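Report on the following structure.
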Amino acid sequence: MSKKIAFKTLGCRLNLFETDSLASEFSKRDYKIVDFSDKADIYVINTCTVTSMSDQKSRRVISQAGRRKEDGITIVTGCMATNYKEQLEKNKNIDYVVDNDHKTSVISIAEAHFNGEIIDNNSFEKDLFNYEPAKDTFHTRSFIKIQDGCDNFCTFCIIPKVRGRATSRPVEDVLNNIRKVVEFGYKEIIITGVNIGRYNSDGNDFEALVEKMLEIPGDFRIRISSIEPDGYTDSFFRLFKHPKLAPHMHICLQSGSEEILLRMRRMYTAKLFKEMSEKLQEMYPGFNLTTDIIVGFPGETDEQFQETVSMTKSIGFGHIHTFKYSVRKGTRAERLPDHIDEKEKNRRGDIIRKVSEESRLNHRKSFIGKTQRVLVQKILEDGYARGFGEHYIPVIITELGLKTNKFYDVEIHGLTEKDEPTMLAGLIK
């Protein structure tokens with residue numbers, strides 16, 4: 001009988017790419033992939049440590065797997081495994097702790113274990129990019145890793161410690177990965193990494209890499225995931241005229257206060273960010289710009305917070321991921337004075353979330369009467385199809401008989417606000 005394996009992924013899209021690749025490789029070797037809530041021979045947990053809440057979620061999932069595993073094994077990998085490796089190795093619920101540098105070795109570690117071999121995780125070579133193109137994944141979209149690590153060293157961020165210095169994947173490896181998943185039938189490619197805007201390999205920067213991606217033949221589109229606001233030029237923005245490049249970017253603002261951005265050691269100004277957002281809207285009305293905001297950074301006054309509120313309202317983001325500042329051991333921000341208490345951070349977070357809900361609703365309402373090209377991801381119980389348009393807005397197509405992983409051109413005719421603002425649309429006849 002084939003062994004059963006279950007995966008749990010926490011955190012970013014980079015982790016999603018790495019889990020998809022590992023799961024696809026296990027599947028090729030005749031392992032049966034089961035739900036994480038089921039009994040399995042192997043539990044693989046790809047962890048996150050970007051905030052204290054991420055740590056709590058990761059520990060909770062590790063405990064769940066430990067209670068379930070019986071004669072099986074639990075392998076913990078990802079950023080928490082790198083950050084707390086020695087501590088986790090003492091956890092009785094965990095059999096193997098695999099840091100990010102050795103994550104591609106998870107398959108070899110599992111197979112060696114069941115062959116009765118004694119394994120030293122560190123005996124495997126470090127490799128950040130040796131991931132096979134994933135054919136069988138947990139998603140209808142394909143994540144493509146182009147880069148790892150970061151050299152920015154923002155004062156609040158632990159990522160350079162757990163992901164290392166910035167490293168770019170060779171151009172041809174990236175392009176071949178995309179060609180392969182397009183051949184597998186994927187219709188949407190999501191470009192991911194830690195700081196993808198700093199991509200640089202073989203004389204190609206990020207703009208040059210995206211241009212090469214757009215030249216790949218096939219019926220698919222490319223979506224850029226989370227990216228830093230590194231002062232993009234008009235020539236980069238002009239790439240969005242290409243029909244394969246989705247008009248949506250998640251660009252991390254973090255704060256609308258110039259003083260707080262300096263204290264965070266961010267590599268841009270609020271003024272530059274505002275100008276960039278205005279340029280995008282001028283070139284592409286309706287462009288979906290989403291972002292991250294951190295509230296309660298050490299020393300953030302109410303006046304500085306109000307600068308963030310004002311800026312988020314004026315830009316009108318399609319969505320805002322709101323984070324409370326979380327102390328990360330070893331970062332510069334840990335040593336800063338005037339840390340904000342949790343009650344105040346919660347109050348500020350609620351304000352930003354309310355701004356986000358209002359701006360998201362307004363942005364989506366602006367699409368009523370317009371068209372979208374929707375990639376169907378799910379057929380609902382009533383037979384209608386749900387997916388995302390090119391602007392990354394959720395759409396329910398009120399037609400029967402549609403198929404997943406297929407593009408449909410639709411006209412937006414309404415909006416439902418049950419769980420989140422979701423567009424209602426019909427096929428263009």
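As shown in the structure tokens, the chain order sets the letters A, B, ...; within each chain, residues go from 1, and ligands are also counted from 1 in the order they appear.
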
DSSP on the backbone, helix (DSSP H, G or I) only: what residues of range 56-242 of chain A does that give? Format it as a ChimeraX atom specification.
/A:56-68,79-83,85-88,100-114,121-123,159-163,171-184,196-198,206-214,234-241

According to DSSP computed on the backbone, where in range 23-56 of chain A is there strand (DSSP E)? Give the residues as a PyMOL selection string.
chain A and resi 32-34+42-47

Can I get the selected residues back with N, CA and C atoms, as a PDB file, in the first residue's frame?
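Once everything was written out, this is again.pdb:
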```
ATOM      1  N   LYS A  32       0.073   8.793  -1.423  1.00  0.00           N
ATOM      2  CA  LYS A  32      -1.310   9.268  -1.508  1.00  0.00           C
ATOM      3  C   LYS A  32      -1.456  10.525  -0.657  1.00  0.00           C
ATOM      4  N   ILE A  33      -1.832  11.630  -1.279  1.00  0.00           N
ATOM      5  CA  ILE A  33      -1.997  12.885  -0.558  1.00  0.00           C
ATOM      6  C   ILE A  33      -3.394  12.934   0.053  1.00  0.00           C
ATOM      7  N   VAL A  34      -3.454  13.146   1.365  1.00  0.00           N
ATOM      8  CA  VAL A  34      -4.733  13.184   2.080  1.00  0.00           C
ATOM      9  C   VAL A  34      -4.870  14.526   2.784  1.00  0.00           C
ATOM     10  N   ILE A  42       2.834  10.507   7.034  1.00  0.00           N
ATOM     11  CA  ILE A  42       3.753  11.648   7.073  1.00  0.00           C
ATOM     12  C   ILE A  42       2.935  12.926   7.124  1.00  0.00           C
ATOM     13  N   TYR A  43       3.270  13.797   8.062  1.00  0.00           N
ATOM     14  CA  TYR A  43       2.705  15.140   8.111  1.00  0.00           C
ATOM     15  C   TYR A  43       3.832  16.131   7.840  1.00  0.00           C
ATOM     16  N   VAL A  44       3.662  16.959   6.806  1.00  0.00           N
ATOM     17  CA  VAL A  44       4.644  17.986   6.477  1.00  0.00           C
ATOM     18  C   VAL A  44       4.018  19.347   6.768  1.00  0.00           C
ATOM     19  N   ILE A  45       4.659  20.113   7.648  1.00  0.00           N
ATOM     20  CA  ILE A  45       4.146  21.430   8.035  1.00  0.00           C
ATOM     21  C   ILE A  45       5.144  22.483   7.591  1.00  0.00           C
ATOM     22  N   ASN A  46       4.718  23.328   6.660  1.00  0.00           N
ATOM     23  CA  ASN A  46       5.554  24.389   6.120  1.00  0.00           C
ATOM     24  C   ASN A  46       5.195  25.675   6.862  1.00  0.00           C
ATOM     25  N   THR A  47       6.040  26.090   7.791  1.00  0.00           N
ATOM     26  CA  THR A  47       5.679  27.089   8.789  1.00  0.00           C
ATOM     27  C   THR A  47       6.028  28.517   8.386  1.00  0.00           C
TER      28      THR A  47
END
```

Under the rule that only C-alpha atoms are counted, which of A:Phe297, A:Lys85, A:Lys145, A:Leu14 is the nearest residue to Arg263 in chain A?
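Ranking A:Phe297, A:Lys85, A:Lys145, A:Leu14 by distance to Arg263 in chain A, first place goes to A:Phe297.
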
Need to verify the contact set: Thr51 in chain A, 8 Å, only C-alpha atoms, exclusion of same-chain residues closer than 5 positions in sequence. Can you return it as a list of chain:residue names?
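Non-adjacent residues within range: A:Ser326, A:Val327, A:Arg328.
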
With N, CA and C atoms retained, write the just-selected residues as a JSON list (two decimals), in the first residue's frame.
```
[["chain", "number", "residue", "atom", "x", "y", "z"],
["A", 326, "SER", "N", 4.54, 43.33, 15.55],
["A", 326, "SER", "CA", 4.86, 42.19, 16.40],
["A", 326, "SER", "C", 6.37, 42.14, 16.62],
["A", 327, "VAL", "N", 6.78, 42.08, 17.89],
["A", 327, "VAL", "CA", 8.21, 42.05, 18.21],
["A", 327, "VAL", "C", 8.84, 40.76, 17.69],
["A", 328, "ARG", "N", 9.92, 40.89, 16.92],
["A", 328, "ARG", "CA", 10.69, 39.75, 16.47],
["A", 328, "ARG", "C", 12.09, 39.86, 17.09]]
```

Counting only C-alpha atoms, the option among A:Lys343, A:Lys403, A:His248, A:His413 closest to Lys365 in chain A:
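Of all the options, A:His413 lies closest to Lys365 in chain A.
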
Separation of CA of Thr74 in chain A from CA of Ser142 in chain A, in Å and rounded to one decimal
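Distance reported for this atom pair: 26.1 Å.
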
Hey, which of A:Ala65, A:Leu415, A:Leu336, A:Ile224 ends up closest to Leu361 in chain A? Count only C-alpha atoms.
A:Leu415

From A:Glu25, A:Asp38, A:Asp20, A:Glu358, residue lying nearest Phe138 in chain A [only C-alpha atoms]:
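Using only C-alpha atoms, Phe138 in chain A sits closest to A:Asp20.
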
Counting only C-alpha atoms, give me one row per residue of range 72-112 of chain A with an atom at most 12 Å from an atom of range 59-62 of chain A, showing the shortest contact pair and its distance in Å to one decimal, sorted by chain then residue number, as a Markdown table.
```
| residue | atom | partner | partner_atom | distance |
| --- | --- | --- | --- | --- |
| A:Ile73 | CA | A:Ile62 | CA | 11.3 |
| A:Thr74 | CA | A:Ile62 | CA | 8.0 |
| A:Ile75 | CA | A:Ile62 | CA | 9.1 |
| A:Val76 | CA | A:Ile62 | CA | 7.7 |
| A:Thr77 | CA | A:Ile62 | CA | 10.8 |
| A:Met80 | CA | A:Arg59 | CA | 9.3 |
| A:Ala81 | CA | A:Arg59 | CA | 10.7 |
| A:Tyr84 | CA | A:Arg59 | CA | 11.2 |
| A:Gln87 | CA | A:Arg59 | CA | 11.7 |
| A:Leu88 | CA | A:Arg59 | CA | 9.5 |
| A:Asn91 | CA | A:Ile62 | CA | 9.4 |
| A:Lys92 | CA | A:Ile62 | CA | 10.1 |
| A:Asn93 | CA | A:Ile62 | CA | 6.8 |
| A:Ile94 | CA | A:Ile62 | CA | 7.4 |
| A:Asp95 | CA | A:Ile62 | CA | 10.8 |
| A:Tyr96 | CA | A:Ile62 | CA | 11.7 |
| A:Val97 | CA | A:Ile62 | CA | 11.3 |
```

Keeping only C-alpha atoms, write those residues as a PDB file, in the first residue's frame.
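And here is the file that came out, part34.pdb:
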```pdb
ATOM      1  CA  ILE A  73       6.356  11.025  11.268  1.00  0.00           C
ATOM      2  CA  THR A  74       6.038  14.791  11.418  1.00  0.00           C
ATOM      3  CA  ILE A  75       8.396  16.948   9.360  1.00  0.00           C
ATOM      4  CA  VAL A  76       8.460  20.655  10.196  1.00  0.00           C
ATOM      5  CA  THR A  77      10.040  22.997   7.675  1.00  0.00           C
ATOM      6  CA  MET A  80       9.817  28.886  11.914  1.00  0.00           C
ATOM      7  CA  ALA A  81      11.939  25.754  11.456  1.00  0.00           C
ATOM      8  CA  TYR A  84      13.682  28.105  16.162  1.00  0.00           C
ATOM      9  CA  GLN A  87      14.024  24.578  20.174  1.00  0.00           C
ATOM     10  CA  LEU A  88      11.815  22.608  17.774  1.00  0.00           C
ATOM     11  CA  ASN A  91       9.642  18.967  20.639  1.00  0.00           C
ATOM     12  CA  LYS A  92       8.366  15.386  21.053  1.00  0.00           C
ATOM     13  CA  ASN A  93       5.701  15.988  18.401  1.00  0.00           C
ATOM     14  CA  ILE A  94       8.352  16.565  15.717  1.00  0.00           C
ATOM     15  CA  ASP A  95      10.563  13.916  14.101  1.00  0.00           C
ATOM     16  CA  TYR A  96      12.510  16.114  11.680  1.00  0.00           C
ATOM     17  CA  VAL A  97      13.147  19.868  11.574  1.00  0.00           C
TER      18      VAL A  97
END
```

Neighbour list for range 104-120 of chain A as an NGL selection string, cut-off 7 Å, only C-alpha atoms, skip fewer than 3 positions in-chain
:A and (26 or 123-124 or 127 or 130-131)

Just how far from CA of Asp219 in chain A is CA of Lys187 in chain A, in Å to one decimal?
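Spanning CA of Lys187 in chain A to CA of Asp219 in chain A is a straight-line distance of 6.6 Å.
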